[in-house]
Protein chains: 2
Amino acid sequence: MGATIRDVAKRAGVSVSTASAALNNKPFVTPETRARVLQAALELNYHADRTARSLAVGRTHQIALLIPASLEHTFSASDFFNQLVRGIYKACGQEDYSLVLYAAERETDIVPQMERWVRSRSVDGFLITHPTWGMLYVDVLEESHVPYVFIGRPPETVTTFAGYVDNDNVQVAYDATEHLVELGHQHILFINGPSRYTYAHDRTVGYRKALDAHGLPFQAELLVEAELTFVDGYRIVDRLCGSVTFTAIVVLNPMQALGVVHALAKHGCKVPTDVAVVTTECEMAAYMYPPLTAVDIRPYQLGYEAARMLLRCLAGETVAPHIVPHTFVVRDSTSPVR
Amino acid sequence: MGATIRDVAKRAGVSVSTASAALNNKPFVTPETRARVLQAALELNYHADRTARSLAVGRTHQIALLIPASLEHTFSASDFFNQLVRGIYKACGQEDYSLVLYAAERETDIVPQMERWVRSRSVDGFLITHPTWGMLYVDVLEESHVPYVFIGRPPETVTTFAGYVDNDNVQVAYDATEHLVELGHQHILFINGPSRYTYAHDRTVGYRKALDAHGLPFQAELLVEAELTFVDGYRIVDRLCGSVTFTAIVVLNPMQALGVVHALAKHGCKVPTDVAVVTTECEMAAYMYPPLTAVDIRPYQLGYEAARMLLRCLAGETVAPHIVPHTFVVRDSTSPVR
DNA sequence: CTGAAAGCGCTTACAG
DNA sequence: CTGAAAGCGCTTACAG
């Protein structure tokens, strides 16, 4: 059924090695020979067997997107992952790489799996999301010299490898907070992601920095941590409404934000008159009632840049961390404090 | 660096073929020999090279999830895809298959790509979402005898292959509609998915069937079609409010539903007193204000069953369509009509 | 039950 | 510039 390179060679009247050279655009093939080979390949609908080529070259031309977290909430946590994957997919397509999906419900499961992935040479490199403070599997990667890049800043303990792509999360939180402070808000609830993720740490820093810069006191009860779900956003606000005073909320995840908005509605709090809200940009932000002020952390860009960085690693280039700039979109959900 | 099977054989004091037999659990190896080989493999941290094995066996042990639609909205359209992928991932893991992601922004781009994927034998089989009425690439699959299963009922024109997993979408829409009819609603707005998808057709049938069964007239202006996004759900309701009369909405997609809810809020319509809403189940449905009545189409199950079906195909078994039953959850967003 | 050999479909030095 | 040969790391008949 499938035509092999031998068939192509025969039909073009050349040797297999010449056919291979022609097909792979080696410089030393005469234009006429190449044309003949290409024509033959076309006629036979020939496409090199991926596996055979991989074995010969020692490269799979595949990279893995490793999500070391329960898939449970990952993709549903707004369209962040959707955009991220789009960016990655785009970059991969440009260099004819394909993308395989790896995941693990619990971080501890990853080490043995990683051992297999790496030793069996299943993929050429890894894109790793959700960097946390643990990440034992990184050692496996390190000692096997398999390239990898993080999406999100890895903890300082991972010093061996510099490849990562991220926003400046200190600044992201700083900007969101400052925007509210400038509107006159003094009691700003900051709903952060889970502290196991490095970005949550950075955002805490940014939040406090903004308060400091404007001479506002830090109130521990206004800094809370939650999973990146609708439910968690909802519960936090549902619990805090009434018991704690705040006139504004920074909630840098669209799903949490949605929960927040619905909890506020339940408690009869109007946005923005009673409580101002700023979140991260997503498709729905502009269409919410009211439209939500948001910081755009550009997930497509993050994915695209991360994949390109990994591809560059694979090409032997050295890489440095890359920070994707965020932008700020002011909409109706934030207004001067009454 | 990486140990090969030759290293293992040498260390165990056997030939390469015996080592291979032992590693692959061939029945005719003595327990002692096997133990020795396994021990050696362990000591060397040996894992068979995936590519080499694939070439030898003629199988990649990979399947592709093909999303023949713009990734733009796919994953963000609620956590349907998230759950779906989780189910698929689970089934793949059980048989040591891995999952590669294929997509294409436009359906027409797929044929040439499919040609390459298939002829280069990149994966052993395909899981295909979003079946539409076009799907020219199916021919490529057919003539190459590469197994595939659809997630979603394929159109009747695809008769050659029976493998698909889906809900009974006629019944899904029927149940949702009937629930509202029984509460006394006579003007039920049905917001459907895009008509290019087969399920949208089925749901239209179910909607009309329910109206018929209860002697209600069909009103063309109450059956609308929209992309599976927040924005589209929002726009439909934003446009129709005031101009068309309805007391209930069936919107079987959580993102659309969210848009609907926010548009209703904008127009000052209370749920469920002014307008009742039923949607598909998702994490947030129970926490919305008010909680949303929903039909659970069980996407995890869909993904799991689809992957298992494909895996069975790969094992040479014949398969038949599999219908995943849906369930109905009544919450506060639907109440008797005033 | 075990081993030597051939083969999976490519690519890549190496001669010519 | 082209061809014959070896090799990538496995598995699989086939002898013994």
# chains A, B, ... in the order shown; residues from 1 in each chain; ligands from 1
>>> residues_around(residues="DC10 (chain C)", least_positions_apart="5", cutoff="7 Å", atoms="only C-alpha atoms (C1' of nucleotides)", output="PyMOL selection string")
chain A and resi 52-53+56
>>> closest_atom_pairs(of="chain B", to="chain D", cutoff="9 Å", atoms="only C-alpha atoms (C1' of nucleotides)", output="Markdown table")
| residue | atom | partner | partner_atom | distance |
| --- | --- | --- | --- | --- |
| B:Thr4 | CA | D:DG9 | C1' | 7.0 |
| B:Ile5 | CA | D:DG9 | C1' | 7.6 |
| B:Arg6 | CA | D:DG9 | C1' | 8.9 |
| B:Ser17 | CA | D:DT11 | C1' | 8.0 |
| B:Ser20 | CA | D:DT11 | C1' | 7.5 |
| B:Ala21 | CA | D:DT11 | C1' | 8.7 |
| B:Ala48 | CA | D:DC10 | C1' | 7.7 |
| B:Asp49 | CA | D:DG9 | C1' | 6.7 |
| B:Arg50 | CA | D:DC10 | C1' | 8.6 |
| B:Thr51 | CA | D:DG9 | C1' | 8.2 |
| B:Ala52 | CA | D:DC10 | C1' | 4.7 |
| B:Arg53 | CA | D:DC10 | C1' | 4.7 |
| B:Ser54 | CA | D:DC10 | C1' | 8.0 |
| B:Leu55 | CA | D:DC10 | C1' | 7.6 |
| B:Ala56 | CA | D:DT11 | C1' | 5.5 |
| B:Val57 | CA | D:DT11 | C1' | 6.5 |
>>> interface_residues(of="chain B", to="chain A", cutoff="7 Å", atoms="only C-alpha atoms", output="ChimeraX atom specification")
/B:2,47-52,54-55,71,75-76,78-79,82,86,99-101,116,119-122,230-231,262,266,284,287-289
>>> atom_distance(atom1="CA of Ala248 (chain B)", atom2="CA of Ile188 (chain B)")
4.8 Å
>>> select_by_dssp(residues="region 93-326 of chain B", states="alpha helix (DSSP H)", output="number ranges by chain")
B: 93-94, 110-119, 137-144, 169-182, 198-213, 230-240, 254-266, 299-314
>>> write_last_selection(atoms="C-alpha atoms", output="PDB file, in the first residue's frame")
ATOM      1  CA  GLY B  93      -2.916   5.529  29.652  1.00  0.00           C
ATOM      2  CA  GLN B  94      -4.479   2.194  30.398  1.00  0.00           C
ATOM      3  CA  ILE B 110      -7.280  19.006   6.500  1.00  0.00           C
ATOM      4  CA  VAL B 111      -7.210  16.860   3.396  1.00  0.00           C
ATOM      5  CA  PRO B 112      -3.569  17.453   2.463  1.00  0.00           C
ATOM      6  CA  GLN B 113      -2.547  17.239   6.113  1.00  0.00           C
ATOM      7  CA  MET B 114      -4.433  14.034   6.561  1.00  0.00           C
ATOM      8  CA  GLU B 115      -2.688  12.655   3.503  1.00  0.00           C
ATOM      9  CA  ARG B 116       0.634  13.292   5.204  1.00  0.00           C
ATOM     10  CA  TRP B 117      -0.403  12.042   8.626  1.00  0.00           C
ATOM     11  CA  VAL B 118      -1.715   8.851   7.139  1.00  0.00           C
ATOM     12  CA  ARG B 119       0.967   8.079   4.573  1.00  0.00           C
ATOM     13  CA  TYR B 137     -10.663  13.878   4.700  1.00  0.00           C
ATOM     14  CA  VAL B 138     -12.609  10.806   5.699  1.00  0.00           C
ATOM     15  CA  ASP B 139     -11.957   9.391   2.240  1.00  0.00           C
ATOM     16  CA  VAL B 140      -8.235   9.549   2.865  1.00  0.00           C
ATOM     17  CA  LEU B 141      -8.733   7.616   6.072  1.00  0.00           C
ATOM     18  CA  GLU B 142     -10.954   5.086   4.374  1.00  0.00           C
ATOM     19  CA  GLU B 143      -8.674   4.245   1.504  1.00  0.00           C
ATOM     20  CA  SER B 144      -5.695   3.866   3.800  1.00  0.00           C
ATOM     21  CA  ASN B 169     -28.999  14.400  20.995  1.00  0.00           C
ATOM     22  CA  VAL B 170     -32.573  14.165  19.852  1.00  0.00           C
ATOM     23  CA  GLN B 171     -33.477  12.999  23.318  1.00  0.00           C
ATOM     24  CA  VAL B 172     -31.235  15.544  25.019  1.00  0.00           C
ATOM     25  CA  ALA B 173     -33.081  18.405  23.358  1.00  0.00           C
ATOM     26  CA  TYR B 174     -36.401  16.662  23.807  1.00  0.00           C
ATOM     27  CA  ASP B 175     -35.920  16.283  27.543  1.00  0.00           C
ATOM     28  CA  ALA B 176     -34.763  19.844  28.029  1.00  0.00           C
ATOM     29  CA  THR B 177     -37.685  21.206  26.075  1.00  0.00           C
ATOM     30  CA  GLU B 178     -40.261  18.930  27.630  1.00  0.00           C
ATOM     31  CA  HIS B 179     -39.129  19.908  31.092  1.00  0.00           C
ATOM     32  CA  LEU B 180     -39.999  23.514  30.290  1.00  0.00           C
ATOM     33  CA  VAL B 181     -43.236  22.628  28.577  1.00  0.00           C
ATOM     34  CA  GLU B 182     -44.333  20.719  31.622  1.00  0.00           C
ATOM     35  CA  THR B 198     -24.583  16.989  13.139  1.00  0.00           C
ATOM     36  CA  TYR B 199     -25.698  17.263  16.730  1.00  0.00           C
ATOM     37  CA  ALA B 200     -27.308  20.613  16.036  1.00  0.00           C
ATOM     38  CA  HIS B 201     -29.541  18.914  13.512  1.00  0.00           C
ATOM     39  CA  ASP B 202     -30.467  16.213  15.999  1.00  0.00           C
ATOM     40  CA  ARG B 203     -31.257  18.730  18.675  1.00  0.00           C
ATOM     41  CA  THR B 204     -33.509  20.670  16.371  1.00  0.00           C
ATOM     42  CA  VAL B 205     -35.405  17.453  15.762  1.00  0.00           C
ATOM     43  CA  GLY B 206     -35.692  16.827  19.485  1.00  0.00           C
ATOM     44  CA  TYR B 207     -36.886  20.357  20.151  1.00  0.00           C
ATOM     45  CA  ARG B 208     -39.602  20.181  17.535  1.00  0.00           C
ATOM     46  CA  LYS B 209     -40.590  16.693  18.570  1.00  0.00           C
ATOM     47  CA  ALA B 210     -41.151  17.874  22.126  1.00  0.00           C
ATOM     48  CA  LEU B 211     -43.260  20.811  20.973  1.00  0.00           C
ATOM     49  CA  ASP B 212     -45.282  18.516  18.736  1.00  0.00           C
ATOM     50  CA  ALA B 213     -45.785  15.948  21.437  1.00  0.00           C
ATOM     51  CA  PHE B 230     -20.201  33.512  25.553  1.00  0.00           C
ATOM     52  CA  VAL B 231     -20.419  36.313  23.067  1.00  0.00           C
ATOM     53  CA  ASP B 232     -22.841  34.584  20.768  1.00  0.00           C
ATOM     54  CA  GLY B 233     -25.131  33.545  23.592  1.00  0.00           C
ATOM     55  CA  TYR B 234     -25.056  37.106  24.825  1.00  0.00           C
ATOM     56  CA  ARG B 235     -25.789  38.665  21.457  1.00  0.00           C
ATOM     57  CA  ILE B 236     -28.718  36.445  20.632  1.00  0.00           C
ATOM     58  CA  VAL B 237     -30.551  37.304  23.812  1.00  0.00           C
ATOM     59  CA  ASP B 238     -29.488  40.926  23.699  1.00  0.00           C
ATOM     60  CA  ARG B 239     -31.029  41.161  20.232  1.00  0.00           C
ATOM     61  CA  LEU B 240     -34.173  39.166  20.911  1.00  0.00           C
ATOM     62  CA  PRO B 254     -22.385  26.471  29.181  1.00  0.00           C
ATOM     63  CA  MET B 255     -20.527  29.303  27.534  1.00  0.00           C
ATOM     64  CA  GLN B 256     -23.521  30.365  25.529  1.00  0.00           C
ATOM     65  CA  ALA B 257     -25.586  29.965  28.675  1.00  0.00           C
ATOM     66  CA  LEU B 258     -23.306  32.306  30.547  1.00  0.00           C
ATOM     67  CA  GLY B 259     -23.703  34.878  27.833  1.00  0.00           C
ATOM     68  CA  VAL B 260     -27.436  34.378  27.981  1.00  0.00           C
ATOM     69  CA  VAL B 261     -27.540  34.916  31.725  1.00  0.00           C
ATOM     70  CA  HIS B 262     -25.550  38.107  31.495  1.00  0.00           C
ATOM     71  CA  ALA B 263     -27.629  39.452  28.648  1.00  0.00           C
ATOM     72  CA  LEU B 264     -30.772  38.749  30.634  1.00  0.00           C
ATOM     73  CA  ALA B 265     -29.289  40.608  33.574  1.00  0.00           C
ATOM     74  CA  LYS B 266     -28.519  43.559  31.357  1.00  0.00           C
ATOM     75  CA  PRO B 299     -18.123  14.481  28.296  1.00  0.00           C
ATOM     76  CA  TYR B 300     -15.571  12.519  30.307  1.00  0.00           C
ATOM     77  CA  GLN B 301     -17.476   9.377  29.501  1.00  0.00           C
ATOM     78  CA  LEU B 302     -17.686  10.349  25.847  1.00  0.00           C
ATOM     79  CA  GLY B 303     -13.935  10.767  25.657  1.00  0.00           C
ATOM     80  CA  TYR B 304     -13.196   7.616  27.565  1.00  0.00           C
ATOM     81  CA  GLU B 305     -15.526   5.459  25.514  1.00  0.00           C
ATOM     82  CA  ALA B 306     -14.341   6.930  22.243  1.00  0.00           C
ATOM     83  CA  ALA B 307     -10.715   6.188  23.035  1.00  0.00           C
ATOM     84  CA  ARG B 308     -11.540   2.693  24.187  1.00  0.00           C
ATOM     85  CA  MET B 309     -13.448   2.094  21.012  1.00  0.00           C
ATOM     86  CA  LEU B 310     -10.528   3.199  18.894  1.00  0.00           C
ATOM     87  CA  LEU B 311      -8.205   1.016  20.909  1.00  0.00           C
ATOM     88  CA  ARG B 312     -10.513  -1.923  20.309  1.00  0.00           C
ATOM     89  CA  CYS B 313     -10.459  -1.181  16.598  1.00  0.00           C
ATOM     90  CA  LEU B 314      -6.697  -1.255  16.715  1.00  0.00           C
TER      91      LEU B 314
END
>>> select_by_dssp(residues="region 85-216 of chain B", states="strand (DSSP E)", output="PDB file with C-alpha atoms, in the first residue's frame")
ATOM      1  CA  SER B  98      -0.010   8.394  23.864  1.00  0.00           C
ATOM      2  CA  LEU B  99      -2.050  11.196  22.521  1.00  0.00           C
ATOM      3  CA  VAL B 100      -1.040  13.638  19.872  1.00  0.00           C
ATOM      4  CA  LEU B 101      -2.993  16.727  19.065  1.00  0.00           C
ATOM      5  CA  TYR B 102      -3.945  17.610  15.525  1.00  0.00           C
ATOM      6  CA  ALA B 103      -6.030  20.562  14.528  1.00  0.00           C
ATOM      7  CA  GLY B 125      -5.618   5.857  14.566  1.00  0.00           C
ATOM      8  CA  PHE B 126      -7.769   8.940  14.863  1.00  0.00           C
ATOM      9  CA  LEU B 127     -10.287  10.319  17.260  1.00  0.00           C
ATOM     10  CA  ILE B 128     -12.256  12.955  15.419  1.00  0.00           C
ATOM     11  CA  TYR B 148     -10.865   6.237  13.314  1.00  0.00           C
ATOM     12  CA  VAL B 149     -13.776   6.935  15.561  1.00  0.00           C
ATOM     13  CA  PHE B 150     -15.911   9.992  15.737  1.00  0.00           C
ATOM     14  CA  ILE B 151     -16.855  11.854  18.834  1.00  0.00           C
ATOM     15  CA  TYR B 164     -18.664   6.695  16.901  1.00  0.00           C
ATOM     16  CA  VAL B 165     -19.606   7.754  20.390  1.00  0.00           C
ATOM     17  CA  ASP B 166     -22.288  10.275  21.127  1.00  0.00           C
ATOM     18  CA  ILE B 188     -39.373  28.468  24.388  1.00  0.00           C
ATOM     19  CA  LEU B 189     -36.327  29.971  22.772  1.00  0.00           C
ATOM     20  CA  PHE B 190     -33.959  27.272  21.564  1.00  0.00           C
ATOM     21  CA  ILE B 191     -30.392  28.428  21.085  1.00  0.00           C
ATOM     22  CA  ASN B 192     -28.701  25.748  19.058  1.00  0.00           C
TER      23      ASN B 192
END
>>> residues_around(residues="Arg298 (chain B)", least_positions_apart="5", cutoff="9 Å", atoms="only C-alpha atoms (C1' of nucleotides)", output="ChimeraX atom specification")
/B:80,83-84,167,281,303,324-327
>>> write_last_selection(atoms="C-alpha atoms", output="PDB file, in the first residue's frame")
ATOM      1  CA  PHE B  80     -16.571  20.007  27.686  1.00  0.00           C
ATOM      2  CA  GLN B  83     -13.470  16.577  30.394  1.00  0.00           C
ATOM      3  CA  LEU B  84     -13.326  14.949  27.005  1.00  0.00           C
ATOM      4  CA  ASN B 167     -25.250  11.188  23.245  1.00  0.00           C
ATOM      5  CA  GLU B 281     -24.070  20.511  33.008  1.00  0.00           C
ATOM      6  CA  GLY B 303     -13.935  10.767  25.657  1.00  0.00           C
ATOM      7  CA  VAL B 324     -23.680   7.686  26.297  1.00  0.00           C
ATOM      8  CA  PRO B 325     -26.803   8.309  28.352  1.00  0.00           C
ATOM      9  CA  HIS B 326     -27.451  11.802  29.631  1.00  0.00           C
ATOM     10  CA  THR B 327     -29.005  12.728  32.925  1.00  0.00           C
TER      11      THR B 327
END
>>> decode(residues="chain D", atoms="C-alpha atoms (C1' of nucleotides)", output="PDB file, in the first residue's frame")
ATOM      1  C1'  DC D   1      26.990  14.552  -8.285  1.00  0.00           C
ATOM      2  C1'  DT D   2      25.567   9.535  -7.475  1.00  0.00           C
ATOM      3  C1'  DG D   3      25.502   4.687  -5.507  1.00  0.00           C
ATOM      4  C1'  DA D   4      26.456   0.688  -2.368  1.00  0.00           C
ATOM      5  C1'  DA D   5      26.765  -0.232   2.383  1.00  0.00           C
ATOM      6  C1'  DA D   6      26.207   0.285   7.099  1.00  0.00           C
ATOM      7  C1'  DG D   7      23.481   1.604  10.824  1.00  0.00           C
ATOM      8  C1'  DC D   8      19.552   3.647  13.886  1.00  0.00           C
ATOM      9  C1'  DG D   9      17.450  -0.050  18.054  1.00  0.00           C
ATOM     10  C1'  DC D  10      14.228  -2.790  18.100  1.00  0.00           C
ATOM     11  C1'  DT D  11      11.243  -7.503  16.871  1.00  0.00           C
ATOM     12  C1'  DT D  12      10.311 -11.721  14.606  1.00  0.00           C
ATOM     13  C1'  DA D  13      10.361 -15.834  12.052  1.00  0.00           C
ATOM     14  C1'  DC D  14      13.493 -19.591  11.787  1.00  0.00           C
ATOM     15  C1'  DA D  15      16.949 -23.036  13.117  1.00  0.00           C
ATOM     16  C1'  DG D  16      18.797 -25.545  16.564  1.00  0.00           C
TER      17       DG D  16
END
